[in-house]
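Structure, as structure tokens:
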Amino acid sequence: MTTSAASARLVATLTAPLDRDRDAAYPPSVLRWPDRRLLIQRGDFEAVAVDLDDPSAAQTRFPAPWPRRFGTFTVAPGGDLAVFAGVHSVRAVDPAGAVRWEVRHGCWEGGCRTLHESFDEYADSRSHLYADSGSAVFSADGSLVWAHVRGPVATAGPDPEALDEWLVIDAADGRVLGRADAETVAAGSEHVPHPDPAQMGLSVGEGQDGAPLLWGRWDGTELSVEHFGEEERILTSVSPTGEHFLTVAHDLDSLALHRVSDGAVVAEIEAADAVPRHPDADPDDFDADDVMWDYECGFVDKETAISSTDQDEEYGPVRHWLLDATGMRPAGQVTYPVPVSGTPTALGDGTWYTVSGSGDAVHLWALDS
């Protein structure tokens, strides 16, 4: 069980562009592409992108087509186009608010069978406020948008249901280039980009029913999809080399390193074998013995991963852990010069970030050499 320490140094602190209260905004996050990093944030009325590698660059703001609760959003690597994955459509919007393109799909509200034409049709519907959701993301070169959407209603059987689809969309004009049955019924999903624009990982949450992990390959004509992990592993990160990906078990007891080529597990590490109980936990609290990984685990670089342990905040300061990603071996607990909150998100370029407890800033970190 690891007890060694690895020191982190603060690289930068980035102030959130939106005010959480005034703009009804979520905390900011960072998108990293092979040659660019963007700080992004979503409010009820607009989304914002900031180029992290050009401090003099102006913020890019995109008028939002619907409030933040009605879906997810992403931004192109060039920072010039935002895509909102909503309850009834995937919509691309430029900074002027013009709709570049839109792909409508089945409604994510479980009991609704309407192919909506606009958000106004369900804006006041309480059930649609708590609808399930899909997701969308740009490929590494920005030429494609991969989108997980609610598909058409299946009419066979006594209880028709809408099944999910996975789409490959031309980012320039919104043409659906490829389409595949995702074989999922999602409550939510998250794309995990691969350095190769023609590959993409997709992690789908189906609540207690499981966590399907899909791997997509686009050959320019057809979208082929494989299912990895027996619906029990959550995809968290793809290595900078594109050779491997990381997953966490649905029950959070283990982390695993997989080959991209076939999804096979190369190495695995159990939380119980790598992490001690929280030192500030009550000695009589036996629940503290059940140490679990968190949902966040990523590649700091091709050989190093970082993760955190779930439930830490119940007992005291959060704990982050470095792993030797080549064999999923413990490499030490991260020590910080100032207190941190939440989970670490690795960027694959030697850095990772944490979000301040108030959600108004992002802290970039690197290992102290």
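The chains in the structure tokens are called A, B, ... from first to last as shown; in each chain the residues are counted from 1, and the ligands are counted from 1 in the order shown.
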**OP:** Give the strand (DSSP E or B) residues of region 140-314 of chain A, as DSSP finds them on the backbone, and put them as number ranges by chain.
**Re:** A: 144-154, 161-170, 176-181, 188-193, 199-205, 211, 213-218, 223-228, 232-238, 244-249, 254-259, 265-270, 293-301, 304-309
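If you count only C-alpha atoms and ignore residues fewer than 4 places along the chain from Glu243 (chain A), what sits within 7 Å of it is Ser239, Arg259 and Val260 of chain A.
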Please, which residues in region 162-248 of chain A fall within 12 Å of region 305-310 of chain A when counting only C-alpha atoms, and what is the closest atom pair and distance in Å to one decimal for each, ordered by chain then residue number, as CSV?
```
residue,atom,partner,partner_atom,distance
A:Thr236,CA,A:Ser307,CA,10.2
A:Ser237,CA,A:Ala305,CA,9.4
A:Val238,CA,A:Ala305,CA,10.6
A:Ser239,CA,A:Ala305,CA,9.3
A:Pro240,CA,A:Ala305,CA,11.3
A:His244,CA,A:Ala305,CA,11.8
A:Phe245,CA,A:Ala305,CA,10.7
A:Leu246,CA,A:Ala305,CA,8.9
A:Thr247,CA,A:Ser307,CA,11.0
A:Val248,CA,A:Ser307,CA,10.0
```
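In this model, the gap between CA of Asp124 (chain A) and CA of Ala96 (chain A) comes to 26.3 Å.
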Original post:
Can you tell me how far CA of Asp253 (chain A) sits from CA of Asp273 (chain A), in Å to one decimal?
Top reply: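 Between these atoms lies a distance of 9.9 Å.
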**OP:** Please run DSSP on the backbone and report, as a PyMOL selection string, all residues within region 61-297 of chain A that come out as alpha helix (DSSP H).
**Re:** chain A and resi 126-129+271-274
Dump of C-alpha atoms for the selected residues, as a PDB file, in the first residue's frame:
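File produced: out.pdb:
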```pdb
ATOM      1  CA  ARG A 126     -41.122  19.922 -15.692  1.00  0.00           C
ATOM      2  CA  SER A 127     -40.558  16.391 -16.978  1.00  0.00           C
ATOM      3  CA  HIS A 128     -38.323  17.675 -19.775  1.00  0.00           C
ATOM      4  CA  LEU A 129     -36.276  19.621 -17.234  1.00  0.00           C
ATOM      5  CA  ALA A 271      -8.342   0.540  -4.471  1.00  0.00           C
ATOM      6  CA  ALA A 272      -8.148  -1.697  -1.420  1.00  0.00           C
ATOM      7  CA  ASP A 273      -4.612  -2.775  -2.403  1.00  0.00           C
ATOM      8  CA  ALA A 274      -3.286   0.686  -3.219  1.00  0.00           C
TER       9      ALA A 274
END
```
Original post:
When distances are computed from only C-alpha atoms, which of A:Gly205, A:Pro339, A:Gly43, A:Gly263 shows the smallest separation from Gly229 (chain A)?
Top reply: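 Closest to Gly229 (chain A), using only C-alpha atoms: A:Gly263.
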Original post:
Neighbours of Ala92 (chain A) within 10 Å (only C-alpha atoms; same-chain residues fewer than 4 positions away dropped), as a list in words?
Top reply: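 My list of contacting residues is Phe62, Pro65, Phe73, Thr74, Val75, Ala76, Leu81, Ala82, Val83, Phe84, Ala85, Gly97, Ala98, Val99, Arg100, Trp101, Glu102, Val103, Val145, Ala171, Ala172, Asp173 and Gly174 of chain A.
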Any chance you could export the current selection's C-alpha atoms as a short mmCIF file (atom, residue, chain, number, x, y, z; two decimals), in the first residue's frame?
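Listing of again.cif after writing:
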```cif
data_model
loop_
_atom_site.label_atom_id
_atom_site.label_comp_id
_atom_site.auth_asym_id
_atom_site.auth_seq_id
_atom_site.Cartn_x
_atom_site.Cartn_y
_atom_site.Cartn_z
CA PHE A 62 -21.67 31.87 -27.77
CA PRO A 65 -30.05 28.14 -27.49
CA PHE A 73 -22.06 21.57 -24.84
CA THR A 74 -18.60 21.52 -26.37
CA VAL A 75 -16.37 23.85 -28.40
CA ALA A 76 -14.33 23.27 -31.57
CA LEU A 81 -17.93 27.10 -33.00
CA ALA A 82 -19.93 25.71 -30.10
CA VAL A 83 -22.11 22.61 -30.28
CA PHE A 84 -25.01 22.22 -27.87
CA ALA A 85 -26.34 18.68 -27.40
CA GLY A 97 -25.54 33.42 -32.32
CA ALA A 98 -26.20 32.20 -35.86
CA VAL A 99 -27.17 28.55 -36.18
CA ARG A 100 -24.61 26.96 -38.51
CA TRP A 101 -26.50 23.66 -38.56
CA GLU A 102 -28.85 21.50 -36.53
CA VAL A 103 -29.49 17.74 -36.34
CA VAL A 145 -18.63 16.02 -34.48
CA ALA A 171 -18.57 19.80 -38.47
CA ALA A 172 -18.66 22.24 -41.38
CA ASP A 173 -22.24 21.75 -42.57
CA GLY A 174 -23.99 19.33 -40.21
#
```
**OP:** Skip Tyr353 (chain A) itself and residues of its chain fewer than 6 positions away, then list as number ranges by chain all residues within 8 Å of it, counting only C-alpha atoms.
**Re:** A: 344-347, 362-365
Original post:
Excluding same-chain residues fewer than 3 positions from Glu165 (chain A), what lies within 6 Å of it counting only C-alpha atoms, as a list of chain:residue names?
Top reply: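 The neighbour list is A:His148, A:Val149, A:Gly151, A:Ala180, A:Asp181, A:Ala182.
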Please produce a file of the residues just selected, as a short mmCIF file (atom, residue, chain, number, x, y, z; two decimals), in the first residue's frame, where the atoms kept are C-alpha atoms.
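Wrote it out as result.cif, contents follow:
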```
data_model
loop_
_atom_site.label_atom_id
_atom_site.label_comp_id
_atom_site.auth_asym_id
_atom_site.auth_seq_id
_atom_site.Cartn_x
_atom_site.Cartn_y
_atom_site.Cartn_z
CA HIS A 148 -24.73 10.35 -28.97
CA VAL A 149 -28.44 11.02 -29.46
CA GLY A 151 -32.92 7.69 -31.81
CA ALA A 180 -24.95 3.36 -35.83
CA ASP A 181 -27.28 1.78 -33.29
CA ALA A 182 -25.60 2.41 -29.95
#
```
Original post:
Counting only C-alpha atoms, which of A:Glu270, A:Glu109, A:Asp349, A:Asp360 gets nearest to Trp33 (chain A)?
Top reply: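 The closest residue to Trp33 (chain A) is A:Asp349.
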**OP:** Grab the CA of Asp80 (chain A) to CA of Pro193 (chain A) distance for me, in Å with one decimal place.
**Re:**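 CA of Pro193 (chain A) lies 18.7 Å from CA of Asp80 (chain A).
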Original post:
Taking into account only C-alpha atoms, which residue in the set A:Val334, A:Val340, A:Val93, A:Leu163 is nearest to Leu367 (chain A)?
Top reply: A:Val334
**OP:** Identify, on the basis of only C-alpha atoms, every residue whose closest approach to Ser7 (chain A) does not exceed 8 Å; exclude the query and any residue fewer than 2 positions from it along the same chain; express the result as a ChimeraX atom specification.
**Re:** /A:5,9,334-336,367-368
Subject >> Within 12 Å of Gly242 (chain A) using only C-alpha atoms, minus same-chain residues under 6 positions, as a ChimeraX atom specification >> reply: /A:34,140,192-201,258-261,299,301-302,348
